[in-house]
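The structure under discussion appears below in the form of structure tokens.
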Amino acid sequence: MTRAQRRLHVHLWLVLGPLILIGFFAALGARPRASLWDAFRSDPGAAEAGDVPFHKPEEGGNP
Amino acid sequence: MSVGYVAIQWNRHKRVYDACIAGGVVLYLSVFMLAGKAFYRGAHAISDPILAMRALATCAFLMLHVVLCLGPLARLDRRFLPWLYNRRHLGVATFLVGFAHAFLAIGFYHGFGVIPPLVSLLSSNTNYTSLASFPFEILGALALGILFLMAATSHDFWLRNLGARAWKRLHMLVYVAYGLLVMHVALGILQAQRSWWPAALVGIGVATVVGLHLVAGMRERRHDEAGTRRVTPDGENWVAVACVDDLAEARGCTVTVGGGERIALFRHDGGISATTNVCAHQGGPLGEGKIIDGCVTCPWHGWQYRPRDGQSPPPFTERIETYRVRVLDGRIEVDPRPLPPGTPVEPARIADRAG
Ligand code: HEM
Ligand code: FES
């Protein structure tokens, strides 16, 4: 690579690297404590408990 | 003007390389599917299409990490060079595996309604202002578009057609694709995961890619700057850059003079030649290559140049810059002004070392 290309590469990563890391951590920070889907997957019976509005398959019909 | 198309020149190394890629992908997908089935059972069972979609997704993401890390790794340690040789094949394979994942995802999540799947993909979620429910699939689609563009232009035909500069710029979009995919994963599947390890794995991947690029980049920079300080030009513009004894027969080395481009020196047949360090193909470091069949051979993809005039042996027509060189008392001196590409320069005889 030419000197200019090497410099471009380093500068690109100096900008892009922190940007990706900030985006990644911001996305992790925005995670809902417990998603509906997660609650359903870890305990399908929770739908009956009230706060997860899923129907169990055997109830028939779809919400 | 037109550019002639030459089909891929297959050789044994390329076949072995491609067989390794195909074998690795099949092995990864099988292990992922079997482990997924064994791990998620009963009420937690995951359907086959979703498991396959995840297997393909994580495989493509892992392959992209390897593609991105190979560049800096090869600069830090020569043992990675053989993997750089056909990195493009790995890139095309990454696109294909990513495409299979996208195909399944669109078919499964957007294929059962009355709205055409692609319209559904683009219109079903417009929460662009929310991080937690961001339309992460669009980010995957944008990245896939970039990977497609790169796979479609990966052949040397396009390198010549577009010119090395435009081609290199186009292919640097892979870094943007990588950023988009990290966000595709962080705003997608990681939002629905409560366990810490998937996020930790992605975090380690990002840190490795970014870290390796920065470490390799800084090392190259130090190399350039160290060269800058070593300049001792005399009135005639000859600069002492190395000792004959530092160079083994049929090997090269790289020197930097006064903030200019790197110069590659080669010892061959009792003489020393100097050419630019920048390969005409994709800028590979010629000084880190060897002399094979009397030609300087680029360590990246094997393009060759005659050391005495910087021209590729027939039928090839590439030319690189050469430099005037002389040997005095065992010291190699170069005139750091490059000569036009393809200019013949008589190698400095090592026997001249007595003076
Ligand atoms: C049109 C393009 C794409 C679409 C529509 C798409 C869609 C999706 C969807 C719906 C998921 C969540 C799957 C789930 O719930 O399990 C997902 C996850 C993921 N995607 Fe994509 N994707 C696309 C492109 C890509 C590409 C090109 C890559 C990588 C090269 C990629 C890598 C991933 C990864 C690593 C995950 C997380 C894996 C997992 O689910 O366990 N995607 N994608
Ligand atoms: S950079 Fe490809 S052969 Fe030199």
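Identifiers for the structure tokens are assigned positionally: chains receive A, B, ... in sequence, residues are indexed from 1 per chain, and ligands are indexed from 1 in the order shown.
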Where does DSSP see alpha helix (DSSP H) in stretch 197-287 of chain B, if you list the residues as a PDB file with N, CA and C atoms, in the first residue's frame?
ATOM      1  N   TRP B 197     -23.668 -13.978  27.551  1.00  0.00           N
ATOM      2  CA  TRP B 197     -22.567 -14.442  26.702  1.00  0.00           C
ATOM      3  C   TRP B 197     -22.704 -14.106  25.210  1.00  0.00           C
ATOM      4  N   PRO B 198     -23.919 -14.054  24.615  1.00  0.00           N
ATOM      5  CA  PRO B 198     -23.928 -13.654  23.198  1.00  0.00           C
ATOM      6  C   PRO B 198     -23.383 -12.236  23.002  1.00  0.00           C
ATOM      7  N   ALA B 199     -23.770 -11.321  23.921  1.00  0.00           N
ATOM      8  CA  ALA B 199     -23.268  -9.945  23.819  1.00  0.00           C
ATOM      9  C   ALA B 199     -21.758  -9.926  24.034  1.00  0.00           C
ATOM     10  N   ALA B 200     -21.271 -10.741  24.986  1.00  0.00           N
ATOM     11  CA  ALA B 200     -19.832 -10.773  25.256  1.00  0.00           C
ATOM     12  C   ALA B 200     -19.067 -11.285  24.042  1.00  0.00           C
ATOM     13  N   LEU B 201     -19.615 -12.326  23.373  1.00  0.00           N
ATOM     14  CA  LEU B 201     -18.941 -12.870  22.177  1.00  0.00           C
ATOM     15  C   LEU B 201     -18.831 -11.808  21.087  1.00  0.00           C
ATOM     16  N   VAL B 202     -19.947 -11.094  20.842  1.00  0.00           N
ATOM     17  CA  VAL B 202     -19.909 -10.052  19.811  1.00  0.00           C
ATOM     18  C   VAL B 202     -18.914  -8.967  20.216  1.00  0.00           C
ATOM     19  N   GLY B 203     -18.938  -8.607  21.515  1.00  0.00           N
ATOM     20  CA  GLY B 203     -18.007  -7.579  22.011  1.00  0.00           C
ATOM     21  C   GLY B 203     -16.557  -7.979  21.779  1.00  0.00           C
ATOM     22  N   ILE B 204     -16.235  -9.242  22.052  1.00  0.00           N
ATOM     23  CA  ILE B 204     -14.856  -9.718  21.846  1.00  0.00           C
ATOM     24  C   ILE B 204     -14.512  -9.642  20.355  1.00  0.00           C
ATOM     25  N   GLY B 205     -15.479 -10.019  19.502  1.00  0.00           N
ATOM     26  CA  GLY B 205     -15.247  -9.949  18.055  1.00  0.00           C
ATOM     27  C   GLY B 205     -14.942  -8.529  17.605  1.00  0.00           C
ATOM     28  N   VAL B 206     -15.737  -7.575  18.060  1.00  0.00           N
ATOM     29  CA  VAL B 206     -15.543  -6.174  17.656  1.00  0.00           C
ATOM     30  C   VAL B 206     -14.188  -5.678  18.157  1.00  0.00           C
ATOM     31  N   ALA B 207     -13.885  -5.981  19.436  1.00  0.00           N
ATOM     32  CA  ALA B 207     -12.619  -5.512  20.006  1.00  0.00           C
ATOM     33  C   ALA B 207     -11.444  -6.101  19.231  1.00  0.00           C
ATOM     34  N   THR B 208     -11.562  -7.367  18.800  1.00  0.00           N
ATOM     35  CA  THR B 208     -10.463  -8.008  18.060  1.00  0.00           C
ATOM     36  C   THR B 208     -10.254  -7.327  16.709  1.00  0.00           C
ATOM     37  N   VAL B 209     -11.366  -7.112  15.980  1.00  0.00           N
ATOM     38  CA  VAL B 209     -11.240  -6.500  14.647  1.00  0.00           C
ATOM     39  C   VAL B 209     -10.665  -5.086  14.754  1.00  0.00           C
ATOM     40  N   VAL B 210     -11.251  -4.284  15.651  1.00  0.00           N
ATOM     41  CA  VAL B 210     -10.795  -2.893  15.774  1.00  0.00           C
ATOM     42  C   VAL B 210      -9.362  -2.864  16.308  1.00  0.00           C
ATOM     43  N   GLY B 211      -9.105  -3.664  17.355  1.00  0.00           N
ATOM     44  CA  GLY B 211      -7.781  -3.676  17.977  1.00  0.00           C
ATOM     45  C   GLY B 211      -6.688  -4.085  17.000  1.00  0.00           C
ATOM     46  N   LEU B 212      -6.913  -5.160  16.250  1.00  0.00           N
ATOM     47  CA  LEU B 212      -5.884  -5.643  15.315  1.00  0.00           C
ATOM     48  C   LEU B 212      -5.584  -4.588  14.249  1.00  0.00           C
ATOM     49  N   HIS B 213      -6.632  -3.926  13.733  1.00  0.00           N
ATOM     50  CA  HIS B 213      -6.395  -2.901  12.713  1.00  0.00           C
ATOM     51  C   HIS B 213      -5.589  -1.733  13.275  1.00  0.00           C
ATOM     52  N   LEU B 214      -5.895  -1.353  14.509  1.00  0.00           N
ATOM     53  CA  LEU B 214      -5.173  -0.217  15.084  1.00  0.00           C
ATOM     54  C   LEU B 214      -3.726  -0.596  15.404  1.00  0.00           C
ATOM     55  N   VAL B 215      -3.528  -1.795  15.972  1.00  0.00           N
ATOM     56  CA  VAL B 215      -2.157  -2.214  16.324  1.00  0.00           C
ATOM     57  C   VAL B 215      -1.298  -2.315  15.052  1.00  0.00           C
ATOM     58  N   ALA B 216      -1.849  -2.984  14.008  1.00  0.00           N
ATOM     59  CA  ALA B 216      -1.071  -3.141  12.769  1.00  0.00           C
ATOM     60  C   ALA B 216      -0.815  -1.772  12.132  1.00  0.00           C
ATOM     61  N   GLY B 217      -1.835  -0.908  12.159  1.00  0.00           N
ATOM     62  CA  GLY B 217      -1.688   0.429  11.564  1.00  0.00           C
ATOM     63  C   GLY B 217      -0.616   1.240  12.271  1.00  0.00           C
ATOM     64  N   MET B 218      -0.624   1.192  13.601  1.00  0.00           N
ATOM     65  CA  MET B 218       0.363   1.963  14.374  1.00  0.00           C
ATOM     66  C   MET B 218       1.779   1.431  14.119  1.00  0.00           C
ATOM     67  N   ARG B 219       1.885   0.105  13.994  1.00  0.00           N
ATOM     68  CA  ARG B 219       3.203  -0.483  13.747  1.00  0.00           C
ATOM     69  C   ARG B 219       3.753  -0.018  12.404  1.00  0.00           C
ATOM     70  N   GLU B 220       2.893  -0.001  11.381  1.00  0.00           N
ATOM     71  CA  GLU B 220       3.316   0.466  10.062  1.00  0.00           C
ATOM     72  C   GLU B 220       3.761   1.931  10.137  1.00  0.00           C
ATOM     73  N   ARG B 221       3.025   2.685  10.935  1.00  0.00           N
ATOM     74  CA  ARG B 221       3.330   4.106  11.053  1.00  0.00           C
ATOM     75  C   ARG B 221       4.707   4.312  11.691  1.00  0.00           C
ATOM     76  N   ARG B 222       4.963   3.499  12.734  1.00  0.00           N
ATOM     77  CA  ARG B 222       6.274   3.590  13.393  1.00  0.00           C
ATOM     78  C   ARG B 222       7.380   3.251  12.407  1.00  0.00           C
ATOM     79  N   HIS B 223       7.119   2.235  11.560  1.00  0.00           N
ATOM     80  CA  HIS B 223       8.091   1.818  10.546  1.00  0.00           C
ATOM     81  C   HIS B 223       8.388   3.004   9.621  1.00  0.00           C
ATOM     82  N   ASP B 224       7.342   3.672   9.152  1.00  0.00           N
ATOM     83  CA  ASP B 224       7.526   4.820   8.250  1.00  0.00           C
ATOM     84  C   ASP B 224       8.324   5.925   8.933  1.00  0.00           C
ATOM     85  N   GLU B 225       7.985   6.170  10.210  1.00  0.00           N
ATOM     86  CA  GLU B 225       8.643   7.283  10.898  1.00  0.00           C
ATOM     87  C   GLU B 225      10.077   6.955  11.237  1.00  0.00           C
ATOM     88  N   ALA B 226      10.363   5.681  11.591  1.00  0.00           N
ATOM     89  CA  ALA B 226      11.739   5.277  11.891  1.00  0.00           C
ATOM     90  C   ALA B 226      12.591   5.521  10.652  1.00  0.00           C
ATOM     91  N   GLY B 227      12.056   5.203   9.485  1.00  0.00           N
ATOM     92  CA  GLY B 227      12.773   5.408   8.232  1.00  0.00           C
ATOM     93  C   GLY B 227      13.063   6.873   8.010  1.00  0.00           C
ATOM     94  N   THR B 228      12.123   7.713   8.374  1.00  0.00           N
ATOM     95  CA  THR B 228      12.275   9.141   8.162  1.00  0.00           C
ATOM     96  C   THR B 228      13.477   9.676   8.936  1.00  0.00           C
ATOM     97  N   ARG B 229      13.675   9.137  10.133  1.00  0.00           N
ATOM     98  CA  ARG B 229      14.776   9.661  10.944  1.00  0.00           C
ATOM     99  C   ARG B 229      16.138   9.155  10.479  1.00  0.00           C
TER     100      ARG B 229
END
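By only C-alpha atoms, and with residues fewer than 6 positions from B:His89 along its chain excluded, the set lying at most 10 Å from it is Lys14, Tyr17, Asp18, Ile21, Val67, Phe95, Ala151, Ser154 and His155 of chain B.
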Go ahead and dump the residues you just picked, N, CA, C and O atoms, as a PDB file, in the first residue's frame.
ATOM      1  N   LYS B  14      -5.527 -22.820  -4.823  1.00  0.00           N
ATOM      2  CA  LYS B  14      -6.881 -22.255  -4.779  1.00  0.00           C
ATOM      3  C   LYS B  14      -7.910 -23.349  -4.518  1.00  0.00           C
ATOM      4  O   LYS B  14      -8.884 -23.131  -3.801  1.00  0.00           O
ATOM      5  N   TYR B  17      -7.736 -24.299  -0.890  1.00  0.00           N
ATOM      6  CA  TYR B  17      -8.287 -23.178  -0.115  1.00  0.00           C
ATOM      7  C   TYR B  17      -9.813 -23.240  -0.124  1.00  0.00           C
ATOM      8  O   TYR B  17     -10.468 -23.163   0.915  1.00  0.00           O
ATOM      9  N   ASP B  18     -10.384 -23.409  -1.330  1.00  0.00           N
ATOM     10  CA  ASP B  18     -11.840 -23.435  -1.442  1.00  0.00           C
ATOM     11  C   ASP B  18     -12.429 -24.667  -0.759  1.00  0.00           C
ATOM     12  O   ASP B  18     -13.500 -24.591  -0.149  1.00  0.00           O
ATOM     13  N   ILE B  21     -12.621 -23.889   2.855  1.00  0.00           N
ATOM     14  CA  ILE B  21     -13.749 -22.991   3.169  1.00  0.00           C
ATOM     15  C   ILE B  21     -15.047 -23.805   3.189  1.00  0.00           C
ATOM     16  O   ILE B  21     -15.817 -23.747   4.153  1.00  0.00           O
ATOM     17  N   VAL B  67     -12.213 -12.695   7.617  1.00  0.00           N
ATOM     18  CA  VAL B  67     -11.811 -11.909   6.444  1.00  0.00           C
ATOM     19  C   VAL B  67     -11.157 -10.598   6.882  1.00  0.00           C
ATOM     20  O   VAL B  67     -10.104 -10.205   6.387  1.00  0.00           O
ATOM     21  N   PHE B  95     -20.403 -13.766   1.504  1.00  0.00           N
ATOM     22  CA  PHE B  95     -21.626 -13.215   0.902  1.00  0.00           C
ATOM     23  C   PHE B  95     -22.661 -14.320   0.687  1.00  0.00           C
ATOM     24  O   PHE B  95     -23.839 -14.152   1.016  1.00  0.00           O
ATOM     25  N   ALA B 151     -18.552  -8.896  -3.793  1.00  0.00           N
ATOM     26  CA  ALA B 151     -18.403 -10.241  -4.374  1.00  0.00           C
ATOM     27  C   ALA B 151     -18.481 -10.135  -5.900  1.00  0.00           C
ATOM     28  O   ALA B 151     -17.702 -10.763  -6.625  1.00  0.00           O
ATOM     29  N   SER B 154     -15.223  -8.796  -7.393  1.00  0.00           N
ATOM     30  CA  SER B 154     -13.986  -9.297  -6.787  1.00  0.00           C
ATOM     31  C   SER B 154     -12.970  -9.771  -7.822  1.00  0.00           C
ATOM     32  O   SER B 154     -11.778  -9.810  -7.560  1.00  0.00           O
ATOM     33  N   HIS B 155     -13.412 -10.119  -9.017  1.00  0.00           N
ATOM     34  CA  HIS B 155     -12.501 -10.621 -10.039  1.00  0.00           C
ATOM     35  C   HIS B 155     -11.565  -9.509 -10.534  1.00  0.00           C
ATOM     36  O   HIS B 155     -11.938  -8.336 -10.570  1.00  0.00           O
TER      37      HIS B 155
END
*Give the answer as one residue: which of B:Ser30, B:Thr297, B:Gln311, B:Ser133 has the shortest atom-to-atom distance to chain A, using only C-alpha atoms?*
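Checking each of B:Ser30, B:Thr297, B:Gln311, B:Ser133 against chain A, counting only C-alpha atoms, the winner is B:Ser133.
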*Contact residues around B:Cys20 with only C-alpha atoms at 12 Å, ignoring same-chain residues under 6 positions, as a ChimeraX atom specification*: /B:13-14,26-28,83,86,89-90,93
*Within 7 Å of ligand 1, counting only C-alpha atoms and all ligand atoms, residues as a PyMOL selection string*: chain B and resi 50+53-54+57-58+60-61+64+94-95+98-99+101-102+105-106+109+121+137-138+140-141+143-144+181+184-185+188-189
Go ahead and dump the residues you just picked, N, CA and C atoms, as a PDB file, in the first residue's frame.
ATOM      1  N   ILE B  50     -35.585 -21.750  11.694  1.00  0.00           N
ATOM      2  CA  ILE B  50     -34.982 -20.678  12.508  1.00  0.00           C
ATOM      3  C   ILE B  50     -33.581 -21.079  12.942  1.00  0.00           C
ATOM      4  N   MET B  53     -31.390 -20.637  10.033  1.00  0.00           N
ATOM      5  CA  MET B  53     -31.157 -19.202   9.790  1.00  0.00           C
ATOM      6  C   MET B  53     -30.093 -18.678  10.749  1.00  0.00           C
ATOM      7  N   ARG B  54     -30.169 -19.131  12.003  1.00  0.00           N
ATOM      8  CA  ARG B  54     -29.176 -18.678  12.983  1.00  0.00           C
ATOM      9  C   ARG B  54     -27.801 -19.271  12.704  1.00  0.00           C
ATOM     10  N   ALA B  57     -26.434 -17.332   9.869  1.00  0.00           N
ATOM     11  CA  ALA B  57     -26.131 -15.958  10.287  1.00  0.00           C
ATOM     12  C   ALA B  57     -24.822 -15.905  11.058  1.00  0.00           C
ATOM     13  N   THR B  58     -24.687 -16.775  12.077  1.00  0.00           N
ATOM     14  CA  THR B  58     -23.474 -16.715  12.898  1.00  0.00           C
ATOM     15  C   THR B  58     -22.259 -17.154  12.083  1.00  0.00           C
ATOM     16  N   ALA B  60     -21.793 -16.669   8.779  1.00  0.00           N
ATOM     17  CA  ALA B  60     -21.374 -15.551   7.916  1.00  0.00           C
ATOM     18  C   ALA B  60     -20.689 -14.467   8.738  1.00  0.00           C
ATOM     19  N   PHE B  61     -21.211 -14.199   9.920  1.00  0.00           N
ATOM     20  CA  PHE B  61     -20.648 -13.139  10.778  1.00  0.00           C
ATOM     21  C   PHE B  61     -19.236 -13.522  11.217  1.00  0.00           C
ATOM     22  N   LEU B  64     -16.863 -13.185   8.311  1.00  0.00           N
ATOM     23  CA  LEU B  64     -16.500 -11.788   8.064  1.00  0.00           C
ATOM     24  C   LEU B  64     -15.415 -11.335   9.040  1.00  0.00           C
ATOM     25  N   THR B  94     -18.483 -15.680   2.155  1.00  0.00           N
ATOM     26  CA  THR B  94     -19.192 -14.980   3.230  1.00  0.00           C
ATOM     27  C   THR B  94     -20.494 -14.390   2.698  1.00  0.00           C
ATOM     28  N   PHE B  95     -20.403 -13.766   1.504  1.00  0.00           N
ATOM     29  CA  PHE B  95     -21.626 -13.215   0.902  1.00  0.00           C
ATOM     30  C   PHE B  95     -22.661 -14.320   0.687  1.00  0.00           C
ATOM     31  N   GLY B  98     -24.195 -15.401   3.952  1.00  0.00           N
ATOM     32  CA  GLY B  98     -25.049 -14.307   4.449  1.00  0.00           C
ATOM     33  C   GLY B  98     -26.330 -14.219   3.633  1.00  0.00           C
ATOM     34  N   PHE B  99     -26.213 -14.450   2.322  1.00  0.00           N
ATOM     35  CA  PHE B  99     -27.385 -14.398   1.448  1.00  0.00           C
ATOM     36  C   PHE B  99     -28.376 -15.503   1.821  1.00  0.00           C
ATOM     37  N   HIS B 101     -28.775 -16.865   4.719  1.00  0.00           N
ATOM     38  CA  HIS B 101     -29.413 -16.449   5.975  1.00  0.00           C
ATOM     39  C   HIS B 101     -30.534 -15.443   5.696  1.00  0.00           C
ATOM     40  N   ALA B 102     -30.222 -14.440   4.858  1.00  0.00           N
ATOM     41  CA  ALA B 102     -31.215 -13.397   4.566  1.00  0.00           C
ATOM     42  C   ALA B 102     -32.424 -13.999   3.850  1.00  0.00           C
ATOM     43  N   ALA B 105     -34.488 -15.704   6.377  1.00  0.00           N
ATOM     44  CA  ALA B 105     -35.115 -14.742   7.301  1.00  0.00           C
ATOM     45  C   ALA B 105     -36.284 -14.039   6.616  1.00  0.00           C
ATOM     46  N   ILE B 106     -36.080 -13.626   5.362  1.00  0.00           N
ATOM     47  CA  ILE B 106     -37.154 -12.916   4.654  1.00  0.00           C
ATOM     48  C   ILE B 106     -38.313 -13.880   4.391  1.00  0.00           C
ATOM     49  N   TYR B 109     -39.961 -14.636   8.044  1.00  0.00           N
ATOM     50  CA  TYR B 109     -40.604 -13.539   8.775  1.00  0.00           C
ATOM     51  C   TYR B 109     -41.463 -12.642   7.885  1.00  0.00           C
ATOM     52  N   LEU B 121     -40.381  -6.346   4.229  1.00  0.00           N
ATOM     53  CA  LEU B 121     -39.082  -6.123   4.878  1.00  0.00           C
ATOM     54  C   LEU B 121     -38.835  -4.619   5.067  1.00  0.00           C
ATOM     55  N   GLU B 137     -33.378  -5.343  10.602  1.00  0.00           N
ATOM     56  CA  GLU B 137     -33.221  -6.134   9.369  1.00  0.00           C
ATOM     57  C   GLU B 137     -32.738  -5.271   8.202  1.00  0.00           C
ATOM     58  N   ILE B 138     -33.145  -3.987   8.220  1.00  0.00           N
ATOM     59  CA  ILE B 138     -32.709  -3.082   7.142  1.00  0.00           C
ATOM     60  C   ILE B 138     -31.180  -2.968   7.155  1.00  0.00           C
ATOM     61  N   GLY B 140     -29.069  -5.243   8.107  1.00  0.00           N
ATOM     62  CA  GLY B 140     -28.558  -6.475   7.498  1.00  0.00           C
ATOM     63  C   GLY B 140     -28.663  -6.412   5.986  1.00  0.00           C
ATOM     64  N   ALA B 141     -29.795  -5.857   5.495  1.00  0.00           N
ATOM     65  CA  ALA B 141     -29.999  -5.790   4.048  1.00  0.00           C
ATOM     66  C   ALA B 141     -28.971  -4.849   3.407  1.00  0.00           C
ATOM     67  N   ALA B 143     -25.983  -4.145   4.555  1.00  0.00           N
ATOM     68  CA  ALA B 143     -24.685  -4.831   4.589  1.00  0.00           C
ATOM     69  C   ALA B 143     -24.620  -5.894   3.500  1.00  0.00           C
ATOM     70  N   LEU B 144     -25.708  -6.604   3.312  1.00  0.00           N
ATOM     71  CA  LEU B 144     -25.733  -7.652   2.279  1.00  0.00           C
ATOM     72  C   LEU B 144     -25.532  -7.017   0.896  1.00  0.00           C
ATOM     73  N   LEU B 181     -23.421  -4.592  10.309  1.00  0.00           N
ATOM     74  CA  LEU B 181     -23.782  -5.929  10.804  1.00  0.00           C
ATOM     75  C   LEU B 181     -23.686  -6.019  12.327  1.00  0.00           C
ATOM     76  N   HIS B 184     -26.779  -4.644  13.298  1.00  0.00           N
ATOM     77  CA  HIS B 184     -27.851  -5.592  12.943  1.00  0.00           C
ATOM     78  C   HIS B 184     -28.030  -6.607  14.076  1.00  0.00           C
ATOM     79  N   VAL B 185     -26.908  -7.063  14.606  1.00  0.00           N
ATOM     80  CA  VAL B 185     -26.950  -8.061  15.666  1.00  0.00           C
ATOM     81  C   VAL B 185     -27.307  -7.409  17.015  1.00  0.00           C
ATOM     82  N   GLY B 188     -30.808  -6.326  16.956  1.00  0.00           N
ATOM     83  CA  GLY B 188     -31.709  -7.422  16.625  1.00  0.00           C
ATOM     84  C   GLY B 188     -31.714  -8.454  17.725  1.00  0.00           C
ATOM     85  N   ILE B 189     -30.995  -9.526  17.482  1.00  0.00           N
ATOM     86  CA  ILE B 189     -31.077 -10.683  18.370  1.00  0.00           C
ATOM     87  C   ILE B 189     -30.645 -10.352  19.807  1.00  0.00           C
TER      88      ILE B 189
END
*Could you tell me how far atom CA of B:Ala242 lies from atom CA of B:Glu321, in Å and to one decimal?*
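So the two atoms, atom CA of B:Ala242 and atom CA of B:Glu321, lie 19.5 Å apart.
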*Residues within 8 Å of ligand 2 (only C-alpha atoms and all ligand atoms), as a ChimeraX atom specification?*
/B:85,278-286,297-304
Would you put the residues from that selection into a file with N, CA and C atoms, as a PDB file, in the first residue's frame?
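The new file out_38.pdb reads:
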ATOM      1  N   TYR B  85      -3.739 -14.947   0.499  1.00  0.00           N
ATOM      2  CA  TYR B  85      -3.577 -15.186  -0.939  1.00  0.00           C
ATOM      3  C   TYR B  85      -4.919 -15.233  -1.663  1.00  0.00           C
ATOM      4  N   VAL B 278       5.406  -1.004  -3.633  1.00  0.00           N
ATOM      5  CA  VAL B 278       3.956  -1.094  -3.847  1.00  0.00           C
ATOM      6  C   VAL B 278       3.643  -1.923  -5.095  1.00  0.00           C
ATOM      7  N   CYS B 279       3.014  -3.076  -4.882  1.00  0.00           N
ATOM      8  CA  CYS B 279       2.665  -3.950  -6.004  1.00  0.00           C
ATOM      9  C   CYS B 279       1.594  -3.280  -6.862  1.00  0.00           C
ATOM     10  N   ALA B 280       1.683  -3.486  -8.199  1.00  0.00           N
ATOM     11  CA  ALA B 280       0.730  -2.846  -9.110  1.00  0.00           C
ATOM     12  C   ALA B 280      -0.657  -3.471  -9.008  1.00  0.00           C
ATOM     13  N   HIS B 281      -0.767  -4.616  -8.378  1.00  0.00           N
ATOM     14  CA  HIS B 281      -2.054  -5.285  -8.272  1.00  0.00           C
ATOM     15  C   HIS B 281      -2.920  -4.606  -7.212  1.00  0.00           C
ATOM     16  N   GLN B 282      -2.643  -4.882  -5.943  1.00  0.00           N
ATOM     17  CA  GLN B 282      -3.439  -4.238  -4.899  1.00  0.00           C
ATOM     18  C   GLN B 282      -2.543  -3.616  -3.831  1.00  0.00           C
ATOM     19  N   GLY B 283      -1.350  -3.213  -4.237  1.00  0.00           N
ATOM     20  CA  GLY B 283      -0.485  -2.506  -3.293  1.00  0.00           C
ATOM     21  C   GLY B 283       0.220  -3.391  -2.294  1.00  0.00           C
ATOM     22  N   GLY B 284       0.342  -4.675  -2.567  1.00  0.00           N
ATOM     23  CA  GLY B 284       1.033  -5.593  -1.642  1.00  0.00           C
ATOM     24  C   GLY B 284       2.486  -5.170  -1.425  1.00  0.00           C
ATOM     25  N   PRO B 285       3.080  -5.546  -0.264  1.00  0.00           N
ATOM     26  CA  PRO B 285       4.443  -5.131   0.085  1.00  0.00           C
ATOM     27  C   PRO B 285       5.500  -6.003  -0.588  1.00  0.00           C
ATOM     28  N   LEU B 286       6.001  -5.553  -1.742  1.00  0.00           N
ATOM     29  CA  LEU B 286       6.925  -6.389  -2.532  1.00  0.00           C
ATOM     30  C   LEU B 286       8.188  -6.751  -1.763  1.00  0.00           C
ATOM     31  N   THR B 297       8.473 -11.586  -6.396  1.00  0.00           N
ATOM     32  CA  THR B 297       7.136 -12.188  -6.335  1.00  0.00           C
ATOM     33  C   THR B 297       6.377 -11.623  -5.147  1.00  0.00           C
ATOM     34  N   CYS B 298       5.254 -10.994  -5.437  1.00  0.00           N
ATOM     35  CA  CYS B 298       4.482 -10.321  -4.385  1.00  0.00           C
ATOM     36  C   CYS B 298       3.951 -11.345  -3.382  1.00  0.00           C
ATOM     37  N   PRO B 299       4.097 -11.048  -2.079  1.00  0.00           N
ATOM     38  CA  PRO B 299       3.662 -12.026  -1.076  1.00  0.00           C
ATOM     39  C   PRO B 299       2.140 -12.152  -0.986  1.00  0.00           C
ATOM     40  N   TRP B 300       1.401 -11.200  -1.562  1.00  0.00           N
ATOM     41  CA  TRP B 300      -0.066 -11.264  -1.396  1.00  0.00           C
ATOM     42  C   TRP B 300      -0.722 -12.211  -2.400  1.00  0.00           C
ATOM     43  N   HIS B 301      -0.537 -11.974  -3.702  1.00  0.00           N
ATOM     44  CA  HIS B 301      -1.201 -12.848  -4.679  1.00  0.00           C
ATOM     45  C   HIS B 301      -0.259 -13.325  -5.779  1.00  0.00           C
ATOM     46  N   GLY B 302       1.029 -13.115  -5.572  1.00  0.00           N
ATOM     47  CA  GLY B 302       2.000 -13.736  -6.463  1.00  0.00           C
ATOM     48  C   GLY B 302       2.281 -13.036  -7.786  1.00  0.00           C
ATOM     49  N   TRP B 303       1.908 -11.773  -7.982  1.00  0.00           N
ATOM     50  CA  TRP B 303       2.295 -11.090  -9.218  1.00  0.00           C
ATOM     51  C   TRP B 303       3.816 -10.959  -9.244  1.00  0.00           C
ATOM     52  N   GLN B 304       4.383 -10.986 -10.467  1.00  0.00           N
ATOM     53  CA  GLN B 304       5.843 -11.004 -10.562  1.00  0.00           C
ATOM     54  C   GLN B 304       6.388  -9.845 -11.397  1.00  0.00           C
TER      55      GLN B 304
END
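Each of B:Thr153, B:Ser124, B:Ser130, B:Ser47 was checked against B:Arg88 using only C-alpha atoms; the smallest atom-to-atom distance is that of B:Thr153.
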_Restricting the calculation to only C-alpha atoms: of B:Gly270, B:Ile350, B:Gly179, B:Asp246, which residue gets closest to A:Ile20?_
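Among B:Gly270, B:Ile350, B:Gly179, B:Asp246, it is B:Gly179 that comes nearest to A:Ile20.
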*If you run DSSP over the backbone, which residues in stretch 64-244 of chain B end up strand (DSSP E or B)? Put them as a list in words.*
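Taking stretch 64-244 of chain B and keeping strand (DSSP E or B) gives Val239, Ala240, Val241, Ala242 and Cys243 of chain B.
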*For A:Ala26, list every protein, DNA or RNA residue within 10 Å, evaluated using only C-alpha atoms, and leave out those in the same chain fewer than 3 positions away; present the list as a PyMOL selection string.*
(chain A and resi 20-23+29-31) or (chain B and resi 131-132+183+186-187)
_Given only C-alpha atoms as the counted atoms, nearest of B:Pro338, B:Arg349, B:Ala38, B:Glu288 to B:Val244_ = B:Arg349
*Shell around stretch 254-267 of chain B at 7 Å using only C-alpha atoms, local window under 4 positions removed, as a ChimeraX atom specification*: /A:2-3 /B:224,227-228,231,241,247-250,271-277,286-287,336
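Look at A:Leu12: the protein and nucleic acid residues within 12 Å of it, using only C-alpha atoms and passing over chain neighbours fewer than 2 places away, are Gln5, Arg6, Arg7, Leu8, His9, Val10, Leu14, Val15, Leu16, Gly17, Pro18, Leu19 and Ile20 of chain A; Arg169, Met172, Leu173, Val174, Tyr175, Val176, Val210, His213, Leu214 and Gly217 of chain B.
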